[in-house]
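**Student:** Handing over model.cif, mmCIF, C-alpha atoms.
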```cif
data_coords
loop_
_atom_site.label_atom_id
_atom_site.label_comp_id
_atom_site.auth_asym_id
_atom_site.auth_seq_id
_atom_site.Cartn_x
_atom_site.Cartn_y
_atom_site.Cartn_z
CA MET A 1397 -98.30 87.32 -24.16
CA ARG A 1398 -101.07 87.74 -21.50
CA TRP A 1399 -102.93 84.60 -20.55
CA GLY A 1400 -104.96 86.05 -17.66
CA LEU A 1401 -108.11 88.02 -18.45
CA ASN A 1402 -110.86 90.14 -16.98
CA SER A 1403 -114.46 90.67 -17.98
CA GLU A 1404 -113.41 92.90 -20.90
CA ASP A 1405 -111.48 90.06 -22.50
CA ALA A 1406 -114.45 87.72 -22.78
CA ASP A 1407 -117.81 87.81 -24.50
CA MET A 1408 -120.30 86.32 -22.05
CA THR A 1409 -123.21 85.38 -24.34
CA MET A 1410 -126.59 85.15 -22.65
CA PRO A 1411 -130.19 84.25 -23.53
CA SER A 1412 -132.09 86.68 -25.77
CA GLY A 1413 -133.03 89.94 -24.05
CA THR A 1414 -130.53 89.55 -21.20
CA GLU A 1415 -128.09 92.46 -20.93
CA THR A 1416 -126.17 91.44 -17.83
CA PRO A 1417 -124.65 88.11 -16.92
CA SER A 1418 -127.05 85.75 -15.27
CA PRO A 1419 -126.04 84.53 -11.81
CA PRO A 1420 -123.92 81.41 -11.68
CA VAL A 1421 -125.72 78.09 -11.61
CA PRO A 1422 -125.33 76.58 -8.13
CA THR A 1423 -122.76 73.81 -8.02
CA THR A 1424 -121.81 71.21 -5.49
CA ARG A 1425 -118.14 71.10 -6.46
CA ASP A 1426 -115.45 72.06 -3.95
CA GLU A 1427 -114.03 75.22 -5.56
CA LEU A 1428 -110.50 75.19 -4.11
CA PRO A 1429 -109.55 71.63 -5.16
CA TYR A 1430 -111.18 72.32 -8.54
CA ARG A 1431 -108.96 75.35 -9.20
CA LEU A 1432 -105.85 73.69 -7.79
CA ARG A 1433 -106.38 70.76 -10.13
CA GLN A 1434 -106.62 73.16 -13.06
CA GLN A 1435 -103.27 74.70 -12.14
CA SER A 1436 -101.75 71.23 -11.81
CA LEU A 1437 -103.02 70.28 -15.26
CA LEU A 1438 -101.52 73.44 -16.75
CA GLY A 1439 -98.15 72.56 -15.25
CA GLU A 1440 -98.40 68.98 -16.52
CA PHE A 1441 -99.12 70.15 -20.05
CA GLY A 1442 -96.30 72.71 -19.95
CA ARG A 1443 -93.82 69.95 -19.13
CA SER A 1444 -95.13 67.52 -21.74
CA ALA A 1445 -95.21 70.22 -24.45
CA LEU A 1446 -91.49 70.80 -23.92
CA GLN A 1447 -90.73 67.10 -24.32
CA THR A 1448 -92.48 66.34 -27.61
CA ARG A 1449 -92.06 67.53 -31.19
CA ASP A 1450 -95.16 65.63 -32.33
CA ILE A 1451 -97.81 68.29 -32.83
CA THR A 1452 -100.64 65.75 -33.18
CA LYS A 1453 -99.87 64.16 -29.80
CA MET A 1454 -99.46 67.58 -28.24
CA LEU A 1455 -102.86 68.83 -29.45
CA GLN A 1456 -104.56 65.63 -28.38
CA ARG A 1457 -103.03 65.81 -24.90
CA ALA A 1458 -104.20 69.40 -24.57
CA THR A 1459 -107.82 68.47 -25.29
CA GLU A 1460 -107.68 65.60 -22.78
CA LEU A 1461 -106.33 67.81 -19.98
CA CYS A 1462 -108.72 70.69 -20.77
CA ALA A 1463 -111.70 68.33 -20.58
CA GLN A 1464 -110.45 67.08 -17.21
CA GLY A 1465 -109.81 70.60 -15.94
CA LEU A 1466 -113.31 71.84 -16.80
CA GLU A 1467 -115.01 68.53 -15.90
CA ALA A 1468 -116.54 68.44 -19.38
CA PRO A 1469 -116.97 65.40 -21.63
CA PHE A 1470 -116.05 67.21 -24.88
CA ALA A 1471 -113.03 69.22 -26.01
CA LYS A 1472 -111.37 69.93 -29.34
CA VAL A 1473 -108.68 71.89 -31.10
CA LEU A 1474 -109.81 73.60 -34.30
CA GLU A 1475 -107.13 74.54 -36.85
CA TYR A 1476 -107.88 77.38 -39.25
CA LEU A 1477 -107.58 76.46 -42.94
CA PRO A 1478 -106.97 79.73 -44.83
CA ASP A 1479 -107.74 78.33 -48.28
CA GLU A 1480 -111.10 76.95 -47.15
CA LYS A 1481 -111.80 79.60 -44.49
CA ARG A 1482 -112.95 76.86 -42.13
CA LEU A 1483 -111.91 75.41 -38.78
CA LEU A 1484 -110.87 71.75 -38.94
CA VAL A 1485 -111.08 69.46 -35.91
CA ARG A 1486 -107.41 68.46 -35.40
CA ALA A 1487 -107.73 66.79 -31.99
CA GLY A 1488 -110.48 66.08 -29.51
CA VAL A 1489 -112.09 63.94 -26.85
CA GLY A 1490 -115.69 62.79 -26.54
CA TRP A 1491 -116.42 62.92 -30.28
CA PRO A 1492 -117.25 59.86 -32.38
CA ALA A 1493 -114.72 58.11 -34.59
CA GLY A 1494 -114.15 59.87 -37.90
CA THR A 1495 -114.40 63.36 -36.42
CA ILE A 1496 -110.73 64.28 -36.12
CA ASP A 1497 -109.19 65.58 -39.38
CA HIS A 1498 -112.55 65.15 -41.16
CA ILE A 1499 -115.14 67.48 -39.58
CA SER A 1500 -114.77 71.23 -40.09
CA LEU A 1501 -116.85 74.21 -38.91
CA GLY A 1502 -117.50 77.62 -40.36
CA ALA A 1503 -114.95 80.26 -39.37
CA ASP A 1504 -117.15 83.34 -39.80
CA VAL A 1505 -118.03 85.59 -36.86
CA GLY A 1506 -121.56 84.14 -36.84
CA SER A 1507 -120.29 81.06 -34.94
CA PRO A 1508 -118.77 81.08 -31.43
CA ALA A 1509 -115.49 79.57 -32.59
CA GLY A 1510 -115.30 81.87 -35.62
CA TYR A 1511 -115.97 84.92 -33.44
CA ALA A 1512 -113.20 83.91 -31.04
CA PHE A 1513 -110.83 83.35 -33.97
CA HIS A 1514 -111.45 86.72 -35.66
CA THR A 1515 -111.72 88.94 -32.57
CA GLY A 1516 -109.29 87.20 -30.22
CA LYS A 1517 -111.90 87.38 -27.47
CA ILE A 1518 -112.88 84.45 -25.31
CA VAL A 1519 -116.44 83.36 -26.00
CA ILE A 1520 -118.40 81.77 -23.15
CA SER A 1521 -121.82 80.44 -24.14
CA ASN A 1522 -123.70 78.84 -21.27
CA HIS A 1523 -127.06 78.59 -23.09
CA LEU A 1524 -126.40 77.55 -26.67
CA GLN A 1525 -129.97 76.32 -27.15
CA GLU A 1526 -131.22 79.87 -26.50
CA GLU A 1527 -128.36 81.70 -28.21
CA THR A 1528 -129.31 84.63 -30.47
CA ARG A 1529 -125.98 86.33 -31.09
CA PHE A 1530 -124.37 83.24 -32.61
CA ARG A 1531 -125.72 80.31 -34.52
CA THR A 1532 -125.08 76.94 -32.93
CA PRO A 1533 -123.08 74.76 -35.33
CA GLN A 1534 -125.09 71.72 -36.38
CA PHE A 1535 -122.21 69.51 -35.28
CA LEU A 1536 -122.68 70.72 -31.69
CA ALA A 1537 -126.45 70.51 -31.85
CA ASP A 1538 -126.26 66.90 -33.04
CA HIS A 1539 -124.39 66.03 -29.86
CA GLY A 1540 -126.72 67.92 -27.56
CA ILE A 1541 -124.12 70.51 -26.55
CA ARG A 1542 -125.62 73.08 -24.18
CA ARG A 1543 -122.62 75.20 -23.28
CA ALA A 1544 -119.21 75.94 -24.79
CA ILE A 1545 -116.14 78.03 -24.20
CA ASN A 1546 -113.85 79.09 -27.08
CA VAL A 1547 -110.33 80.54 -26.78
CA LEU A 1548 -108.01 81.74 -29.57
CA ILE A 1549 -104.74 79.84 -30.11
CA ALA A 1550 -102.40 82.61 -31.23
CA ARG A 1551 -98.94 82.32 -32.74
CA GLY A 1552 -96.04 84.71 -32.30
CA GLY A 1553 -94.31 86.44 -35.16
CA GLU A 1554 -95.41 89.35 -37.29
CA GLY A 1555 -97.92 88.49 -39.98
CA HIS A 1556 -98.66 85.01 -38.66
CA LEU A 1557 -102.31 83.97 -38.64
CA PRO A 1558 -103.56 82.46 -35.37
CA PHE A 1559 -103.40 78.67 -35.36
CA GLY A 1560 -107.06 78.23 -34.50
CA VAL A 1561 -109.35 77.79 -31.50
CA LEU A 1562 -109.35 75.67 -28.34
CA GLU A 1563 -112.90 74.70 -27.36
CA VAL A 1564 -114.47 72.82 -24.46
CA ASP A 1565 -118.14 71.71 -24.68
CA SER A 1566 -120.66 70.11 -22.40
CA ALA A 1567 -124.12 68.63 -22.82
CA ASP A 1568 -124.71 68.95 -19.08
CA PRO A 1569 -126.33 71.94 -17.38
CA GLY A 1570 -123.80 74.09 -15.63
CA HIS A 1571 -121.81 77.27 -15.93
CA PHE A 1572 -118.44 78.17 -17.44
CA ASP A 1573 -117.08 81.30 -15.71
CA LEU A 1574 -114.15 83.70 -16.12
CA ALA A 1575 -111.87 81.52 -13.98
CA ASP A 1576 -112.57 78.62 -16.35
CA ALA A 1577 -111.77 80.93 -19.25
CA ASP A 1578 -108.52 81.94 -17.56
CA PHE A 1579 -107.57 78.25 -17.26
CA LEU A 1580 -108.37 77.61 -20.93
CA ALA A 1581 -106.50 80.78 -21.99
CA GLY A 1582 -103.43 79.43 -20.20
CA PHE A 1583 -103.65 76.22 -22.21
CA ALA A 1584 -104.12 78.17 -25.45
CA GLY A 1585 -101.06 80.28 -24.64
CA LEU A 1586 -98.90 77.24 -24.00
CA LEU A 1587 -100.23 75.61 -27.15
CA GLY A 1588 -99.41 78.69 -29.24
CA VAL A 1589 -95.81 78.74 -27.98
CA ALA A 1590 -95.40 74.97 -28.49
CA ILE A 1591 -96.90 75.10 -32.00
CA GLU A 1592 -94.68 78.04 -32.97
CA ARG A 1593 -91.62 76.17 -31.70
CA GLN A 1594 -92.61 72.99 -33.53
CA GLN A 1595 -93.15 74.86 -36.78
CA ALA A 1596 -89.84 76.71 -36.39
CA ASP A 1597 -88.14 73.35 -35.86
CA ALA A 1598 -89.85 71.98 -38.96
CA GLU A 1599 -88.70 74.97 -41.04
CA LEU A 1600 -85.15 74.60 -39.74
CA GLN A 1601 -85.15 70.87 -40.50
CA SER A 1602 -86.47 71.59 -43.98
CA SER A 1603 -83.61 74.03 -44.57
CA LEU A 1604 -81.09 71.49 -43.29
CA ASP A 1605 -82.57 68.78 -45.49
CA HIS A 1606 -82.37 71.11 -48.50
CA GLN A 1607 -78.74 71.94 -47.69
CA ALA A 1608 -77.95 68.23 -47.34
CA MET A 1609 -79.62 67.52 -50.67
CA LEU A 1610 -77.56 70.25 -52.38
CA THR A 1611 -74.36 68.94 -50.81
CA ARG A 1612 -75.07 65.39 -51.90
CA GLU A 1613 -76.01 66.50 -55.39
CA MET A 1614 -72.80 68.50 -55.68
CA SER A 1615 -70.66 65.61 -54.37
CA HIS A 1616 -72.40 63.20 -56.73
CA ARG A 1617 -71.77 65.47 -59.71
CA VAL A 1618 -68.11 65.98 -58.77
CA LYS A 1619 -67.66 62.21 -58.40
CA ASN A 1620 -69.15 61.59 -61.84
CA SER A 1621 -66.98 64.30 -63.40
CA LEU A 1622 -63.85 62.85 -61.82
CA ALA A 1623 -64.84 59.39 -63.05
CA SER A 1624 -64.90 60.79 -66.58
CA VAL A 1625 -61.39 62.19 -66.14
CA VAL A 1626 -60.18 58.82 -64.81
CA GLY A 1627 -61.61 57.13 -67.90
CA LEU A 1628 -59.73 59.50 -70.19
CA LEU A 1629 -56.44 59.00 -68.33
CA ARG A 1630 -56.77 55.22 -68.57
CA VAL A 1631 -57.43 55.44 -72.31
CA GLN A 1632 -54.31 57.59 -72.70
CA ALA A 1633 -52.30 55.17 -70.56
CA ARG A 1634 -53.25 52.24 -72.80
CA ASN A 1635 -52.17 54.17 -75.89
CA ALA A 1636 -48.92 55.51 -74.42
CA GLN A 1637 -45.73 54.20 -76.04
CA SER A 1638 -43.48 54.86 -73.04
CA ASP A 1639 -43.73 52.71 -69.89
CA ASP A 1640 -42.91 55.75 -67.75
CA VAL A 1641 -45.72 57.78 -69.30
CA GLN A 1642 -48.07 54.84 -69.00
CA ASN A 1643 -47.26 54.37 -65.31
CA ALA A 1644 -47.56 58.11 -64.62
CA LEU A 1645 -51.01 58.22 -66.21
CA LYS A 1646 -52.13 55.14 -64.25
CA ASP A 1647 -50.92 56.73 -60.99
CA ALA A 1648 -52.76 59.95 -61.81
CA ALA A 1649 -55.94 57.98 -62.53
CA SER A 1650 -55.56 56.17 -59.21
CA ARG A 1651 -55.21 59.45 -57.29
CA ILE A 1652 -58.26 60.96 -58.95
CA THR A 1653 -60.22 57.77 -58.23
CA THR A 1654 -59.39 58.25 -54.54
CA ILE A 1655 -60.76 61.81 -54.58
CA ALA A 1656 -63.89 60.59 -56.36
CA GLU A 1657 -64.31 57.94 -53.67
CA VAL A 1658 -64.42 60.63 -50.98
CA HIS A 1659 -67.12 62.53 -52.86
CA ASP A 1660 -69.08 59.31 -53.32
CA HIS A 1661 -69.11 58.83 -49.55
CA LEU A 1662 -69.90 62.48 -48.91
CA TRP A 1663 -73.24 62.39 -50.69
CA ARG A 1664 -74.15 59.11 -48.98
CA SER A 1665 -73.08 60.26 -45.51
CA LYS A 1666 -75.69 61.08 -42.87
CA GLN A 1667 -73.49 63.90 -41.57
CA ILE A 1668 -72.92 66.71 -44.03
CA GLY A 1669 -69.25 67.21 -44.91
CA PHE A 1670 -68.05 64.12 -43.02
CA VAL A 1671 -67.28 60.50 -43.91
CA ASP A 1672 -66.86 57.41 -41.77
CA ILE A 1673 -63.19 56.43 -42.03
CA ALA A 1674 -64.01 52.72 -41.64
CA ASP A 1675 -66.48 52.83 -44.53
CA PHE A 1676 -64.44 55.13 -46.75
CA ALA A 1677 -60.99 53.59 -46.22
CA GLY A 1678 -62.42 50.08 -46.43
CA GLU A 1679 -63.99 50.82 -49.83
CA LEU A 1680 -60.77 52.49 -50.98
CA CYS A 1681 -58.72 49.42 -50.03
CA ARG A 1682 -61.13 47.15 -51.86
CA LYS A 1683 -60.67 49.21 -55.01
CA LEU A 1684 -56.88 49.18 -54.57
CA GLN A 1685 -57.06 45.41 -54.27
CA GLU A 1686 -58.72 45.30 -57.70
CA THR A 1687 -55.80 47.23 -59.21
CA SER A 1688 -53.21 44.97 -57.51
CA PRO A 1689 -54.57 41.47 -58.17
CA GLY A 1690 -51.20 39.83 -57.48
CA HIS A 1691 -51.19 40.97 -53.84
CA LYS A 1692 -53.45 40.30 -50.86
CA LEU A 1693 -54.60 43.49 -49.16
CA HIS A 1694 -55.80 43.29 -45.54
CA PHE A 1695 -57.40 46.31 -43.91
CA LYS A 1696 -59.00 47.19 -40.60
CA PHE A 1697 -60.25 50.60 -39.47
CA GLY A 1698 -62.17 51.75 -36.43
CA ASN A 1699 -65.36 53.78 -36.94
CA LEU A 1700 -64.65 57.50 -36.87
CA MET A 1701 -66.27 60.44 -38.64
CA ILE A 1702 -63.70 62.75 -40.24
CA SER A 1703 -64.18 65.85 -42.35
CA ALA A 1704 -63.82 65.82 -46.12
CA ASP A 1705 -60.85 68.20 -45.75
CA GLN A 1706 -59.05 65.42 -43.88
CA ALA A 1707 -60.50 62.46 -45.79
CA ILE A 1708 -59.23 63.53 -49.22
CA PRO A 1709 -55.51 63.89 -48.31
CA LEU A 1710 -55.73 60.82 -46.05
CA GLY A 1711 -57.20 58.77 -48.90
CA LEU A 1712 -54.43 59.97 -51.21
CA LEU A 1713 -51.82 59.02 -48.60
CA ILE A 1714 -53.22 55.51 -48.28
CA ASN A 1715 -53.34 55.24 -52.07
CA GLU A 1716 -49.68 56.29 -52.41
CA LEU A 1717 -48.41 54.02 -49.66
CA VAL A 1718 -50.33 50.93 -50.80
CA THR A 1719 -49.39 51.52 -54.44
CA ASN A 1720 -45.75 51.98 -53.45
CA ALA A 1721 -45.77 48.73 -51.43
CA ALA A 1722 -47.40 46.85 -54.31
CA LYS A 1723 -44.72 48.13 -56.72
CA HIS A 1724 -41.57 47.76 -54.65
CA ALA A 1725 -42.06 45.40 -51.69
CA TYR A 1726 -42.40 42.21 -53.74
CA PRO A 1727 -40.28 42.53 -56.91
CA ASN A 1728 -40.22 38.76 -57.45
CA GLY A 1729 -43.92 37.95 -56.97
CA SER A 1730 -47.00 38.61 -54.86
CA GLY A 1731 -47.37 39.26 -51.14
CA GLU A 1732 -49.49 40.71 -48.38
CA ILE A 1733 -50.06 44.35 -47.52
CA GLN A 1734 -51.66 45.34 -44.20
CA VAL A 1735 -53.51 48.67 -43.71
CA THR A 1736 -54.88 49.64 -40.28
CA GLY A 1737 -56.26 52.77 -38.71
CA GLU A 1738 -57.46 53.72 -35.24
CA GLN A 1739 -58.00 56.75 -33.07
CA ARG A 1740 -55.46 57.31 -30.32
CA GLY A 1741 -56.62 60.23 -28.26
CA GLY A 1742 -56.71 63.26 -30.54
CA VAL A 1743 -54.67 61.52 -33.25
CA LEU A 1744 -55.58 59.17 -36.09
CA HIS A 1745 -52.89 56.49 -36.29
CA VAL A 1746 -52.59 54.78 -39.69
CA GLU A 1747 -50.09 52.05 -40.56
CA VAL A 1748 -49.26 50.48 -43.92
CA SER A 1749 -46.95 47.47 -43.67
CA ASP A 1750 -45.72 44.57 -45.78
CA GLN A 1751 -43.62 41.40 -45.53
CA GLY A 1752 -41.49 42.23 -48.54
CA ILE A 1753 -37.81 42.89 -49.16
CA GLY A 1754 -37.69 45.76 -46.72
CA LEU A 1755 -36.12 49.19 -46.95
CA PRO A 1756 -32.75 49.96 -48.52
CA LYS A 1757 -29.95 50.12 -45.97
CA ASP A 1758 -29.26 53.75 -46.78
CA PHE A 1759 -32.92 54.80 -46.61
CA ASP A 1760 -33.44 58.10 -44.77
CA ILE A 1761 -36.92 59.59 -44.62
CA ASP A 1762 -35.50 63.08 -44.06
CA GLN A 1763 -33.39 63.06 -47.22
CA PRO A 1764 -34.95 64.81 -50.24
CA ARG A 1765 -36.12 62.40 -52.93
CA ALA A 1766 -36.91 62.96 -56.55
CA SER A 1767 -39.85 60.53 -56.95
CA LEU A 1768 -43.25 62.09 -57.52
CA GLY A 1769 -44.90 59.64 -55.12
CA PHE A 1770 -42.66 60.67 -52.25
CA LYS A 1771 -43.21 64.37 -52.98
CA VAL A 1772 -46.96 63.76 -52.98
CA ILE A 1773 -46.70 62.04 -49.57
CA LYS A 1774 -44.70 64.91 -48.06
CA SER A 1775 -47.14 67.46 -49.47
CA LEU A 1776 -50.19 65.63 -48.12
CA LEU A 1777 -48.60 65.25 -44.69
CA GLY A 1778 -48.03 68.99 -44.66
CA GLN A 1779 -51.73 69.59 -45.36
CA LEU A 1780 -52.68 67.43 -42.40
CA ASP A 1781 -49.89 68.61 -40.05
CA GLY A 1782 -49.07 64.91 -39.79
CA ARG A 1783 -45.99 62.95 -38.83
CA ILE A 1784 -44.53 59.93 -40.64
CA THR A 1785 -42.38 57.18 -39.21
CA VAL A 1786 -40.69 54.54 -41.37
CA SER A 1787 -39.24 51.38 -39.82
CA SER A 1788 -38.49 47.74 -40.51
CA ASN A 1789 -41.40 45.35 -40.04
CA GLN A 1790 -41.22 42.07 -38.18
CA PRO A 1791 -40.14 39.50 -39.17
CA LYS A 1792 -39.38 41.27 -42.44
CA GLY A 1793 -40.57 44.04 -44.69
CA ALA A 1794 -41.35 47.69 -43.98
CA ALA A 1795 -43.86 49.55 -41.83
CA ILE A 1796 -44.91 53.13 -42.44
CA GLN A 1797 -46.85 54.86 -39.67
CA LEU A 1798 -48.82 58.09 -39.96
CA ASP A 1799 -50.01 60.15 -37.00
CA LEU A 1800 -52.53 62.75 -38.08
CA PRO A 1801 -54.10 65.27 -35.68
CA LEU A 1802 -57.89 64.99 -35.73
CA ASP A 1803 -60.26 67.88 -36.27
CA PRO A 1804 -61.92 68.66 -32.90
CA GLN A 1805 -65.31 68.11 -34.59
CA SER A 1806 -64.40 64.51 -35.52
#
```
Before we go any further, please render this structure as structure tokens.
**Tutor:**
Amino acid sequence: MRWGLNSEDADMTMPSGTETPSPPVPTTRDELPYRLRQQSLLGEFGRSALQTRDITKMLQRATELCAQGLEAPFAKVLEYLPDEKRLLVRAGVGWPAGTIDHISLGADVGSPAGYAFHTGKIVISNHLQEETRFRTPQFLADHGIRRAINVLIARGGEGHLPFGVLEVDSADPGHFDLADADFLAGFAGLLGVAIERQQADAELQSSLDHQAMLTREMSHRVKNSLASVVGLLRVQARNAQSDDVQNALKDAASRITTIAEVHDHLWRSKQIGFVDIADFAGELCRKLQETSPGHKLHFKFGNLMISADQAIPLGLLINELVTNAAKHAYPNGSGEIQVTGEQRGGVLHVEVSDQGIGLPKDFDIDQPRASLGFKVIKSLLGQLDGRITVSSNQPKGAAIQLDLPLDPQS
């Protein structure tokens, strides 16, 4: 992209009958500080454009700095509206209230701004009141504008229409020259890059939002489907004649409820594919408390985002361990079950403990066992590459500790 220009890049419009540029109007300004200030303003805008994603603020700041740089009281950014084929005032300084986002100008080549938009040439009009090549927009005439300079705001990418036009106006006598046009072209170039970046960001965010919506919809549907399966299992459990079958169906329903709980948190999570262990495990323990009304379940987890691939087997492990403690730790009545979880370096440490009758004297975690619950625990640990430690609790009962390596993204 070339922001500098020479006389071939600009249309210097003159009074009727004049074929060559008229000599510059004498000025009392100190030229060197004037140009140095313009360069400083370009640098200031370049820095601010990199720091904001708010296109409205960015356009407004550009008009303010352009007006300062050209010592003009009026400036505006005009955005092209393809459906209306007009140029809408999107930002500006010097104009009355109600101008921005309400006033639009014709975008045909018969107006200075329209000519700049369609040809890509810079239009410098130092005598609008005597202009014959272009018509002076009534909006400018109403404000006594005598001279104007219009520069195209282009956008990169094949097939992209230019964004619009950057324009500076003045009601004072004076002279905009090619150096002024070069300054304004620099602003227009920076604006084009910043607008393209902002729009690319917006498109990316839209895609991410759509992906998140699809993920949440899928998780929500899976959760509802699993809830239906749980309902069927519970109906079958109530109708089962055998206690063993009834208990097996209840355990299956409990495991499926745990999986549904993960999907429920997935669609509500702010981070796609992850759940907060404190939120998820806390809700799971509250539901387990409802299914074990004779026991008091205490739980405490630190906040930590873990992936769904880890959350599902972890939830099933907690479900198995709490259910096992509720069944076997207190055979003669109710008691307390404690569930805690915290991050220790790159490991999630989870402990399920009770104050019950404790472990059998011959208990050996490494010995093969026939119970389905124990097989489920071993299988889930294998999925997580986890380690289990079983010990006596103090002053009585059992404590089961899980150490599960965390995903590096957690």
**Student:** At a cut-off of 12 Å around the point (-65.2, 59.7, -59.1) (file coordinates), what residues fall inside when counting all atoms listed in the file? I'd like the answer as JSON, numbers by chain.
**Tutor:** {"A": [1615, 1616, 1617, 1618, 1619, 1620, 1621, 1622, 1623, 1624, 1625, 1626, 1627, 1649, 1650, 1651, 1652, 1653, 1654, 1655, 1656, 1657, 1658, 1659, 1660, 1661, 1662, 1663, 1680]}
**Student:** List the neighbours of segment 1533-1541 of chain A out to 7 Å using only C-alpha atoms; skip same-chain residues closer than 4 positions along the sequence, and give me the result as a PyMOL selection string.
**Tutor:** chain A and resi 1507+1565-1567
**Student:** Next, dump the selected residues to file, keeping only C-alpha atoms, as a compact mmCIF listing (two decimals), in the coordinates of the input.
**Tutor:**
```txt
# COMPACT_ATOMS: atom_id res chain seq x y z
CA SER A 1507 -120.29 81.06 -34.94
CA ASP A 1565 -118.14 71.71 -24.68
CA SER A 1566 -120.66 70.11 -22.40
CA ALA A 1567 -124.12 68.63 -22.82
```
**Student:** Find the distance between atom CA of Leu1700 of chain A and atom CA of Ile1673 of chain A and write it in Å to one decimal.
**Tutor:**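 About the pair atom CA of Leu1700 of chain A and atom CA of Ile1673 of chain A: they are 5.5 Å apart.
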**Student:** So that I can see what lies close to Met1454 of chain A, please list as a list in words the residues with an atom at most 12 Å from it, counting all atoms listed in the file and leaving out residues fewer than 6 positions away in the same chain.
**Tutor:**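 That gives Glu1440, Phe1441, Gly1442, Arg1443, Ser1444, Ala1445, Leu1446, Gln1447, Thr1448, Glu1460, Leu1461, Val1473, Arg1486, Ala1487, Gly1488, Phe1583, Ala1584, Leu1586, Leu1587, Gly1588, Val1589, Ala1590, Ile1591 and Gln1594 of chain A.
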**Student:** For this file, the PyMOL selection byres ((chain A and resi 1509) around 9) selects which residues, as a ChimeraX atom specification?
**Tutor:** /A:1474,1483,1501-1508,1510-1514,1519,1545-1548,1560-1563
**Student:** Quick one: of A:Arg1542, A:His1606, A:Arg1433, A:His1691, who's nearest to Cys1462 of chain A, counting all atoms listed in the file?
**Tutor:**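 Looking only at the distances to Cys1462 of chain A, the closest residue turns out to be A:Arg1433.
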**Student:** Applied to the shown file, which residues does the PyMOL selection byres ((chain A and resi 1737-1753) around 10) return, written as a PyMOL selection string?
**Tutor:** chain A and resi 1673-1674+1677+1693-1700+1702+1710+1713-1714+1717-1718+1721-1722+1724-1736+1754-1756+1782-1804+1806
**Student:** As a check of understanding, name the residues that the PyMOL selection byres ((chain A and resi 1704) around 8) selects in the supplied structure, as number ranges by chain.
**Tutor:** A: 1658, 1662, 1669-1671, 1702-1703, 1705-1708
**Student:** Residues as selected, C-alpha atoms, written as an mmCIF file, keeping the file's coordinate frame, can you do that?
**Tutor:**
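Okay, out.cif is ready:
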```cif
data_model
loop_
_atom_site.group_PDB
_atom_site.id
_atom_site.type_symbol
_atom_site.label_atom_id
_atom_site.label_comp_id
_atom_site.auth_asym_id
_atom_site.auth_seq_id
_atom_site.Cartn_x
_atom_site.Cartn_y
_atom_site.Cartn_z
ATOM 1 C CA VAL A 1658 -64.420 60.630 -50.980
ATOM 2 C CA LEU A 1662 -69.900 62.480 -48.910
ATOM 3 C CA GLY A 1669 -69.250 67.210 -44.910
ATOM 4 C CA PHE A 1670 -68.050 64.120 -43.020
ATOM 5 C CA VAL A 1671 -67.280 60.500 -43.910
ATOM 6 C CA ILE A 1702 -63.700 62.750 -40.240
ATOM 7 C CA SER A 1703 -64.180 65.850 -42.350
ATOM 8 C CA ASP A 1705 -60.850 68.200 -45.750
ATOM 9 C CA GLN A 1706 -59.050 65.420 -43.880
ATOM 10 C CA ALA A 1707 -60.500 62.460 -45.790
ATOM 11 C CA ILE A 1708 -59.230 63.530 -49.220
#
```
**Student:** Could you give me the centre and size, in Å to one decimal, of an axis-aligned box around all listed atoms of segment 1534-1544 of chain A with 4 Å added on every side, as lines of an AutoDock Vina configuration file?
**Tutor:**
```
center_x = -123.0
center_y = 71.0
center_z = -29.8
size_x = 15.5
size_y = 17.9
size_z = 21.1
```
**Student:** May I ask for the distance between atom CA of Gly1690 of chain A and atom CA of Ser1775 of chain A, given in Å to one decimal place?
**Tutor:**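 Calculated distance between atom CA of Gly1690 of chain A and atom CA of Ser1775 of chain A is 29.1 Å.
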**Student:** Atom CA of Gln1595 of chain A to atom CA of His1556 of chain A: how many Å, to one decimal?
**Tutor:**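 Atom CA of Gln1595 of chain A sits 11.7 Å away from atom CA of His1556 of chain A.
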**Student:** Counting only C-alpha atoms, figure out which residue out of A:Met1701, A:Leu1484, A:Ala1575, A:Asn1715 gets nearest to Lys1683 of chain A.
**Tutor:**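 Checking each candidate against Lys1683 of chain A, we get A:Asn1715 as the closest.
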**Student:** Might you pull out every residue within 12 Å of Asp1568 of chain A, with only C-alpha atoms counted and same-chain residues fewer than 4 positions away left off, and present them as a list of chain:residue names?
**Tutor:** A:Val1421, A:Leu1466, A:Glu1467, A:Ala1468, A:Pro1469, A:Phe1470, A:Asn1522, A:His1523, A:Leu1524, A:His1539, A:Gly1540, A:Ile1541, A:Arg1542, A:Arg1543, A:Ala1544, A:Phe1572
